[in-house]
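One file, protein-v6.txt, is given below (compact mmCIF, C-alpha atoms).
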# COMPACT_ATOMS: atom_id res chain seq x y z
CA MET A 1141 0.00 0.00 0.00
CA LYS A 1142 1.22 3.50 -0.75
CA TYR A 1143 -0.12 7.06 -0.64
CA ILE A 1144 -0.32 8.61 -4.08
CA ASP A 1145 0.58 12.13 -5.17
CA GLU A 1146 -2.87 13.69 -5.59
CA THR A 1147 -1.46 16.65 -7.54
CA THR A 1148 -0.67 14.29 -10.43
CA TRP A 1149 -3.54 11.86 -9.86
CA GLU A 1150 -5.43 11.50 -13.13
CA ARG A 1151 -8.71 11.22 -11.24
CA ARG A 1152 -8.23 14.29 -9.04
CA ASP A 1153 -10.82 16.51 -10.77
CA ILE A 1154 -13.50 13.81 -10.98
CA SER A 1155 -12.97 12.83 -7.34
CA ALA A 1156 -13.24 16.47 -6.33
CA LEU A 1157 -16.44 16.85 -8.36
CA PHE A 1158 -18.20 13.97 -6.61
CA SER A 1159 -16.81 14.99 -3.20
CA ASN A 1160 -19.28 17.89 -3.31
CA ILE A 1161 -22.19 15.45 -3.33
CA ALA A 1162 -23.58 14.20 -0.02
CA ILE A 1163 -24.09 10.66 -1.36
CA PRO A 1164 -21.47 9.93 -4.06
CA PHE A 1165 -22.32 6.22 -4.12
CA TYR A 1166 -24.16 4.23 -6.75
CA SER A 1167 -25.17 0.65 -7.34
CA VAL A 1168 -25.33 -1.47 -10.49
CA THR A 1169 -27.22 -4.75 -10.90
CA THR A 1170 -26.31 -6.97 -13.82
CA PRO A 1171 -27.05 -10.58 -14.84
CA VAL A 1172 -24.07 -12.94 -14.85
CA ASP A 1173 -23.87 -16.38 -16.44
CA VAL A 1174 -22.19 -18.62 -13.86
CA THR A 1175 -22.71 -21.96 -15.62
CA ALA A 1176 -18.99 -22.68 -15.95
CA LEU A 1177 -18.29 -21.79 -12.32
CA TYR A 1178 -21.19 -23.92 -11.09
CA ARG A 1179 -20.03 -26.95 -13.10
CA TYR A 1180 -16.41 -26.45 -12.04
CA CYS A 1181 -17.33 -26.26 -8.35
CA LYS A 1182 -19.54 -29.36 -8.64
CA ARG A 1183 -16.82 -31.34 -10.39
CA HIS A 1184 -14.17 -30.40 -7.82
CA SER A 1185 -16.44 -30.47 -4.74
CA LEU A 1186 -15.92 -26.78 -3.99
CA SER A 1187 -18.30 -24.31 -2.38
CA PHE A 1188 -20.00 -22.24 -5.07
CA TYR A 1189 -20.11 -19.27 -2.67
CA HIS A 1190 -16.38 -19.39 -2.04
CA GLY A 1191 -15.69 -20.06 -5.71
CA MET A 1192 -17.72 -17.01 -6.71
CA MET A 1193 -15.76 -14.96 -4.16
CA TYR A 1194 -12.52 -16.13 -5.76
CA CYS A 1195 -13.73 -15.04 -9.19
CA VAL A 1196 -14.98 -11.60 -8.16
CA LEU A 1197 -11.84 -10.89 -6.10
CA SER A 1198 -9.66 -11.91 -9.04
CA ALA A 1199 -11.60 -9.45 -11.21
CA CYS A 1200 -11.45 -6.63 -8.63
CA ASN A 1201 -7.72 -7.02 -8.22
CA ALA A 1202 -7.23 -6.96 -11.99
CA VAL A 1203 -8.83 -3.50 -12.36
CA PRO A 1204 -6.59 -0.77 -10.84
CA ALA A 1205 -9.50 1.60 -10.05
CA PHE A 1206 -10.74 -0.86 -7.41
CA LEU A 1207 -7.41 -0.73 -5.56
CA TYR A 1208 -7.66 2.97 -4.64
CA LYS A 1209 -9.11 4.00 -1.29
CA LEU A 1210 -9.99 7.44 0.07
CA ARG A 1211 -8.77 8.51 3.50
CA LYS A 1212 -8.99 11.74 5.46
CA ASP A 1213 -5.24 12.22 5.05
CA GLY A 1214 -5.02 11.31 1.37
CA VAL A 1215 -5.57 8.61 -1.24
CA VAL A 1216 -3.91 5.22 -1.06
CA LYS A 1217 -3.46 2.44 -3.58
CA HIS A 1218 -3.36 -1.11 -2.25
CA ASP A 1219 -1.40 -3.91 -3.83
CA TYR A 1220 -4.49 -6.11 -3.62
CA LEU A 1221 -7.89 -6.37 -1.92
CA SER A 1222 -9.08 -9.21 0.31
CA PRO A 1223 -12.61 -10.53 0.93
CA SER A 1224 -14.60 -9.69 4.04
CA PHE A 1225 -17.66 -11.90 3.74
CA THR A 1226 -20.79 -12.97 5.54
CA TYR A 1227 -21.47 -16.57 6.57
CA PRO A 1228 -24.46 -18.27 8.27
CA ARG A 1229 -24.64 -18.84 12.02
CA GLU A 1230 -27.23 -20.48 14.24
CA ASN A 1231 -30.67 -18.96 14.86
CA ASP A 1232 -30.83 -17.47 11.35
CA SER A 1233 -28.06 -14.98 12.17
CA PHE A 1234 -24.83 -14.34 10.32
CA GLY A 1235 -21.24 -13.44 10.99
CA ILE A 1236 -18.44 -11.76 9.07
CA VAL A 1237 -15.02 -13.24 8.46
CA ASN A 1238 -11.93 -11.87 6.70
CA VAL A 1239 -9.53 -13.91 4.57
CA GLU A 1240 -6.27 -12.57 3.19
CA TRP A 1241 -5.94 -12.62 -0.58
CA GLN A 1242 -2.89 -14.49 -1.85
CA ASP A 1243 -1.89 -13.46 -5.34
CA GLY A 1244 -1.47 -16.43 -7.67
CA GLU A 1245 -3.39 -18.86 -5.44
CA ASP A 1246 -5.65 -21.35 -7.22
CA MET A 1247 -9.36 -21.57 -6.58
CA ALA A 1248 -9.29 -24.86 -4.69
CA SER A 1249 -6.75 -23.60 -2.17
CA PHE A 1250 -8.64 -20.33 -1.72
CA CYS A 1251 -11.95 -22.13 -1.14
CA GLN A 1252 -10.34 -24.44 1.40
CA ARG A 1253 -8.92 -21.47 3.33
CA CYS A 1254 -12.30 -19.74 3.29
CA LYS A 1255 -13.97 -22.89 4.64
CA ARG A 1256 -11.40 -23.22 7.45
CA ALA A 1257 -11.70 -19.53 8.36
CA GLN A 1258 -15.49 -19.73 8.33
CA ASP A 1259 -15.53 -22.84 10.54
CA ALA A 1260 -13.07 -21.26 12.98
CA ALA A 1261 -15.10 -18.04 13.10
CA LEU A 1262 -18.11 -19.93 14.47
CA LEU A 1263 -16.25 -20.05 17.79
CA LEU A 1264 -15.56 -16.30 17.76
CA PRO A 1265 -17.70 -13.14 18.02
CA PRO A 1266 -19.76 -12.71 14.82
CA ILE A 1267 -18.26 -9.30 13.98
CA PRO A 1268 -14.51 -8.72 13.37
CA SER A 1269 -12.45 -6.74 15.85
CA ASP A 1270 -12.23 -2.94 15.73
CA GLU A 1271 -8.71 -3.25 14.31
CA GLU A 1272 -9.97 -5.39 11.43
CA GLU A 1273 -12.95 -3.11 10.91
CA ALA A 1274 -10.59 -0.14 10.50
CA ARG A 1275 -8.97 -1.71 7.43
CA ASP A 1276 -9.97 -0.50 3.97
CA ASP A 1277 -8.19 -3.09 1.81
CA PHE A 1278 -11.37 -5.15 1.54
CA VAL A 1279 -14.21 -6.02 -0.76
CA TYR A 1280 -17.39 -6.61 1.27
CA ILE A 1281 -19.17 -9.71 -0.03
CA SER A 1282 -22.51 -11.28 0.73
CA CYS A 1283 -25.22 -13.38 -0.90
CA ILE A 1284 -29.03 -13.56 -0.87
CA PRO A 1285 -29.52 -17.19 -1.99
CA TRP A 1286 -33.25 -17.42 -1.22
CA PHE A 1287 -34.84 -15.22 -3.89
CA THR A 1288 -34.16 -13.21 -7.05
CA VAL A 1289 -33.49 -9.48 -6.76
CA THR A 1290 -33.36 -6.66 -9.27
CA HIS A 1291 -31.75 -4.04 -7.05
CA VAL A 1292 -30.21 -3.77 -3.60
CA THR A 1293 -28.92 -0.77 -1.65
CA GLN A 1294 -26.47 -1.90 0.99
CA GLU A 1295 -25.92 -0.40 4.41
CA MET A 1296 -23.01 1.99 4.88
CA SER A 1297 -22.04 5.18 6.65
CA LEU A 1298 -22.62 8.34 4.62
CA ASP A 1299 -18.97 9.33 4.67
CA ILE A 1300 -17.83 10.58 1.26
CA ASN A 1301 -14.50 8.81 1.86
CA GLU A 1302 -16.19 5.41 2.29
CA SER A 1303 -14.73 3.52 -0.63
CA ILE A 1304 -14.90 -0.22 0.05
CA PRO A 1305 -16.74 -1.92 -2.83
CA ARG A 1306 -19.76 -3.99 -1.82
CA LEU A 1307 -20.61 -7.02 -3.94
CA LEU A 1308 -23.67 -9.19 -3.47
CA TRP A 1309 -25.43 -11.81 -5.57
CA ASP A 1310 -28.84 -13.41 -5.43
CA LYS A 1311 -30.42 -16.81 -5.99
CA MET A 1312 -28.97 -18.78 -8.89
CA VAL A 1313 -31.63 -19.77 -11.44
CA GLU A 1314 -31.48 -22.36 -14.22
CA LYS A 1315 -32.86 -21.87 -17.70
CA ASP A 1316 -32.12 -23.81 -20.89
CA GLU A 1317 -29.33 -25.69 -19.09
CA ARG A 1318 -27.60 -22.41 -18.19
CA ARG A 1319 -27.28 -20.92 -14.71
CA GLN A 1320 -27.51 -17.23 -13.99
CA LEU A 1321 -27.62 -14.85 -11.05
CA SER A 1322 -27.76 -11.11 -10.52
CA LEU A 1323 -24.58 -9.44 -9.33
CA ILE A 1324 -25.01 -6.18 -7.42
CA ILE A 1325 -21.99 -3.87 -7.27
CA GLN A 1326 -22.02 -0.79 -5.02
CA VAL A 1327 -19.12 1.66 -5.26
CA ASN A 1328 -18.05 5.25 -4.65
CA HIS A 1329 -18.22 7.37 -7.82
CA ARG A 1330 -15.19 9.35 -6.61
CA LEU A 1331 -13.12 6.30 -7.55
CA ILE A 1332 -15.07 4.03 -9.86
CA ASP A 1333 -17.06 4.80 -13.02
CA GLY A 1334 -19.29 2.62 -15.17
CA LYS A 1335 -16.32 1.95 -17.48
CA HIS A 1336 -14.42 0.43 -14.56
CA ILE A 1337 -17.35 -1.85 -13.75
CA HIS A 1338 -17.37 -2.86 -17.43
CA LEU A 1339 -13.68 -3.79 -17.14
CA PHE A 1340 -14.42 -5.71 -13.94
CA LEU A 1341 -17.13 -7.71 -15.71
CA GLN A 1342 -14.79 -8.43 -18.61
CA GLU A 1343 -12.23 -9.83 -16.17
CA LEU A 1344 -14.93 -11.84 -14.40
CA ASN A 1345 -16.16 -13.37 -17.65
CA ALA A 1346 -12.57 -14.13 -18.68
CA THR A 1347 -12.15 -16.08 -15.44
CA PHE A 1348 -15.35 -18.03 -16.15
CA LEU A 1349 -14.11 -18.80 -19.66
CA LYS A 1350 -10.88 -20.27 -18.25
CA LEU A 1351 -12.94 -22.48 -15.96
CA GLU A 1352 -15.08 -23.61 -18.89
CA GLU A 1353 -11.97 -24.51 -20.87
CA ALA A 1354 -10.69 -26.51 -17.89
CA LEU A 1355 -13.85 -28.66 -17.67
Conversion result in structure tokens:
Amino acid sequence: MKYIDETTWERRDISALFSNIAIPFYSVTTPVDVTALYRYCKRHSLSFYHGMMYCVLSACNAVPAFLYKLRKDGVVKHDYLSPSFTYPRENDSFGIVNVEWQDGEDMASFCQRCKRAQDAALLLPPIPSDEEEARDDFVYISCIPWFTVTHVTQEMSLDINESIPRLLWDKMVEKDERRQLSLIIQVNHRLIDGKHIHLFLQELNATFLKLEEAL
């Protein structure tokens, strides 16, 4: 992670423009074909949830705009982002667990680490410590697997520097032997434009294509 020189930052003027808006956040919902990922996870006995996390984190880390974070004392660029994700607990509640991203790791290893971290977290408080909560090198990830959605607005503080992307997907549906879900992406416009989300989706689909070729 490093602080950048904002005087030469190519996004300085756009960031300043949206900093004058009380709510500079926006959300995009888009359909995603996850057939290849579903088949790959079934064949290799992997969690689809963890596999999807691997794919979206790979895509986020491949698009530089996602690596920037806004702070009160400046703008930083991380080397990579890690997932902070929800998981089910007893009594219909949920917890949040963080897993460190390891560049170059394969999906199977990542899914196994997520499963171990999730199992271990069941013995801990459901919410990460204050020190972990203070980090901004995350992508917040969750899933609504029970029903189909067309739009979601996620909870967050209305701080114009809040710049952790929030990714969520809904129930997977099958049609004509293909599987699809809606992916909801919520970001801060001071850092991320629609073009950057387009690049993210290109990277995501490229990852799915590699999985399809490996089947």
Counting only C-alpha atoms, figure out which residue out of A:Leu1210, A:Ile1161, A:Val1168, A:Val1279 gets nearest to Leu1331 of chain A.
-> A:Leu1210
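Shortest atom-to-atom contact with Val1196 of chain A among A:Asp1213, A:Glu1295, A:Asp1246, A:Glu1343: A:Glu1343, counting only C-alpha atoms.
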Residues at most 12 Å from Glu1273 of chain A, counting only C-alpha atoms, excluding those fewer than 2 positions away in the same chain, as number ranges by chain?
-> A: 1224, 1236-1238, 1267-1271, 1275-1278, 1280, 1304
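The space separating atom CA of Asn1231 of chain A from atom CA of Lys1255 of chain A comes to 20.0 Å.
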Within 10 Å of segment 1174-1179 of chain A, which residues of segment 1189-1230 of chain A come that close, and what is the closest atom pair and distance in Å for each? Count only C-alpha atoms and give it as a tab-separated table.
residue	atom	partner	partner_atom	distance
A:Tyr1189	CA	A:Tyr1178	CA	9.7
A:Gly1191	CA	A:Leu1177	CA	7.3
A:Met1192	CA	A:Leu1177	CA	7.4
A:Cys1195	CA	A:Leu1177	CA	8.7
Select, counting only C-alpha atoms, all protein, DNA and RNA residues no farther than 9 Å from (-26.5, -10.4, 1.9) in file coordinates, and express the selection as a ChimeraX atom specification.
-> /A:1226,1281-1285,1294,1307-1310
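Between atom CA of Ile1324 of chain A and atom CA of Thr1169 of chain A there is a distance of 4.4 Å.
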Among listed residues A:Cys1254, A:Pro1171, A:Ile1325, A:Arg1229, nearest Val1313 of chain A (using only C-alpha atoms) = A:Pro1171
Selection: 7 Å around segment 1143-1154 of chain A, all atoms listed in the file, excl. self and same-chain fewer than 4 positions, as a list in words = Phe1158, Gly1214, Val1215, Val1216, Lys1217 and Arg1330 of chain A
Could you tell me how far atom CA of Pro1228 of chain A lies from atom CA of Lys1311 of chain A, in Å and to one decimal?
->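 A separation of 15.5 Å between them.
Distances to Thr1170 of chain A were evaluated for A:Phe1340, A:Trp1241, A:Phe1234, A:Phe1287 using only C-alpha atoms, and the minimum falls at A:Phe1340.
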Would you mind listing what lies within 8 Å of Leu1298 of chain A as a list in words, with all atoms listed in the file counted and same-chain residues fewer than 4 positions away left out?
->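 These residues fall inside the cut-off: Ala1162, Ile1163 and Glu1302 of chain A.
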Option closest in space to Leu1323 of chain A, from A:Met1247, A:Leu1355, A:Val1172, A:Ala1205 [counting all atoms listed in the file] = A:Val1172
Where atoms are missing, can you supply N, CA and C atoms for segment 1338-1354 of chain A and output the lot as a tab-separated table (two decimals), in the coordinates of the input?
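Wrote rebuild17.tsv, looks like this:
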chain	number	residue	atom	x	y	z
A	1338	HIS	N	-17.44	-2.11	-16.17
A	1338	HIS	CA	-17.37	-2.86	-17.43
A	1338	HIS	C	-16.07	-3.67	-17.49
A	1339	LEU	N	-14.96	-3.07	-17.14
A	1339	LEU	CA	-13.68	-3.79	-17.14
A	1339	LEU	C	-13.68	-4.93	-16.12
A	1340	PHE	N	-14.28	-4.67	-14.96
A	1340	PHE	CA	-14.42	-5.71	-13.94
A	1340	PHE	C	-15.19	-6.90	-14.50
A	1341	LEU	N	-16.32	-6.63	-15.17
A	1341	LEU	CA	-17.13	-7.71	-15.71
A	1341	LEU	C	-16.41	-8.46	-16.82
A	1342	GLN	N	-15.61	-7.76	-17.60
A	1342	GLN	CA	-14.79	-8.43	-18.61
A	1342	GLN	C	-13.82	-9.41	-17.96
A	1343	GLU	N	-13.17	-8.96	-16.88
A	1343	GLU	CA	-12.23	-9.83	-16.17
A	1343	GLU	C	-12.97	-11.02	-15.56
A	1344	LEU	N	-14.15	-10.76	-15.01
A	1344	LEU	CA	-14.93	-11.84	-14.40
A	1344	LEU	C	-15.31	-12.89	-15.45
A	1345	ASN	N	-15.78	-12.43	-16.60
A	1345	ASN	CA	-16.16	-13.37	-17.65
A	1345	ASN	C	-14.96	-14.11	-18.22
A	1346	ALA	N	-13.79	-13.46	-18.23
A	1346	ALA	CA	-12.57	-14.13	-18.68
A	1346	ALA	C	-12.20	-15.26	-17.72
A	1347	THR	N	-12.41	-15.04	-16.43
A	1347	THR	CA	-12.15	-16.08	-15.44
A	1347	THR	C	-13.10	-17.25	-15.64
A	1348	PHE	N	-14.39	-16.96	-15.90
A	1348	PHE	CA	-15.35	-18.03	-16.15
A	1348	PHE	C	-14.98	-18.82	-17.40
A	1349	LEU	N	-14.49	-18.13	-18.42
A	1349	LEU	CA	-14.11	-18.80	-19.66
A	1349	LEU	C	-12.96	-19.77	-19.41
A	1350	LYS	N	-12.00	-19.37	-18.59
A	1350	LYS	CA	-10.88	-20.27	-18.25
A	1350	LYS	C	-11.39	-21.52	-17.54
A	1351	LEU	N	-12.37	-21.33	-16.66
A	1351	LEU	CA	-12.94	-22.48	-15.96
A	1351	LEU	C	-13.66	-23.40	-16.93
A	1352	GLU	N	-14.38	-22.81	-17.89
A	1352	GLU	CA	-15.08	-23.61	-18.89
A	1352	GLU	C	-14.10	-24.42	-19.73
A	1353	GLU	N	-12.99	-23.81	-20.07
A	1353	GLU	CA	-11.97	-24.51	-20.87
A	1353	GLU	C	-11.31	-25.63	-20.08
A	1354	ALA	N	-11.33	-25.49	-18.75
A	1354	ALA	CA	-10.69	-26.51	-17.89
A	1354	ALA	C	-11.62	-27.70	-17.60
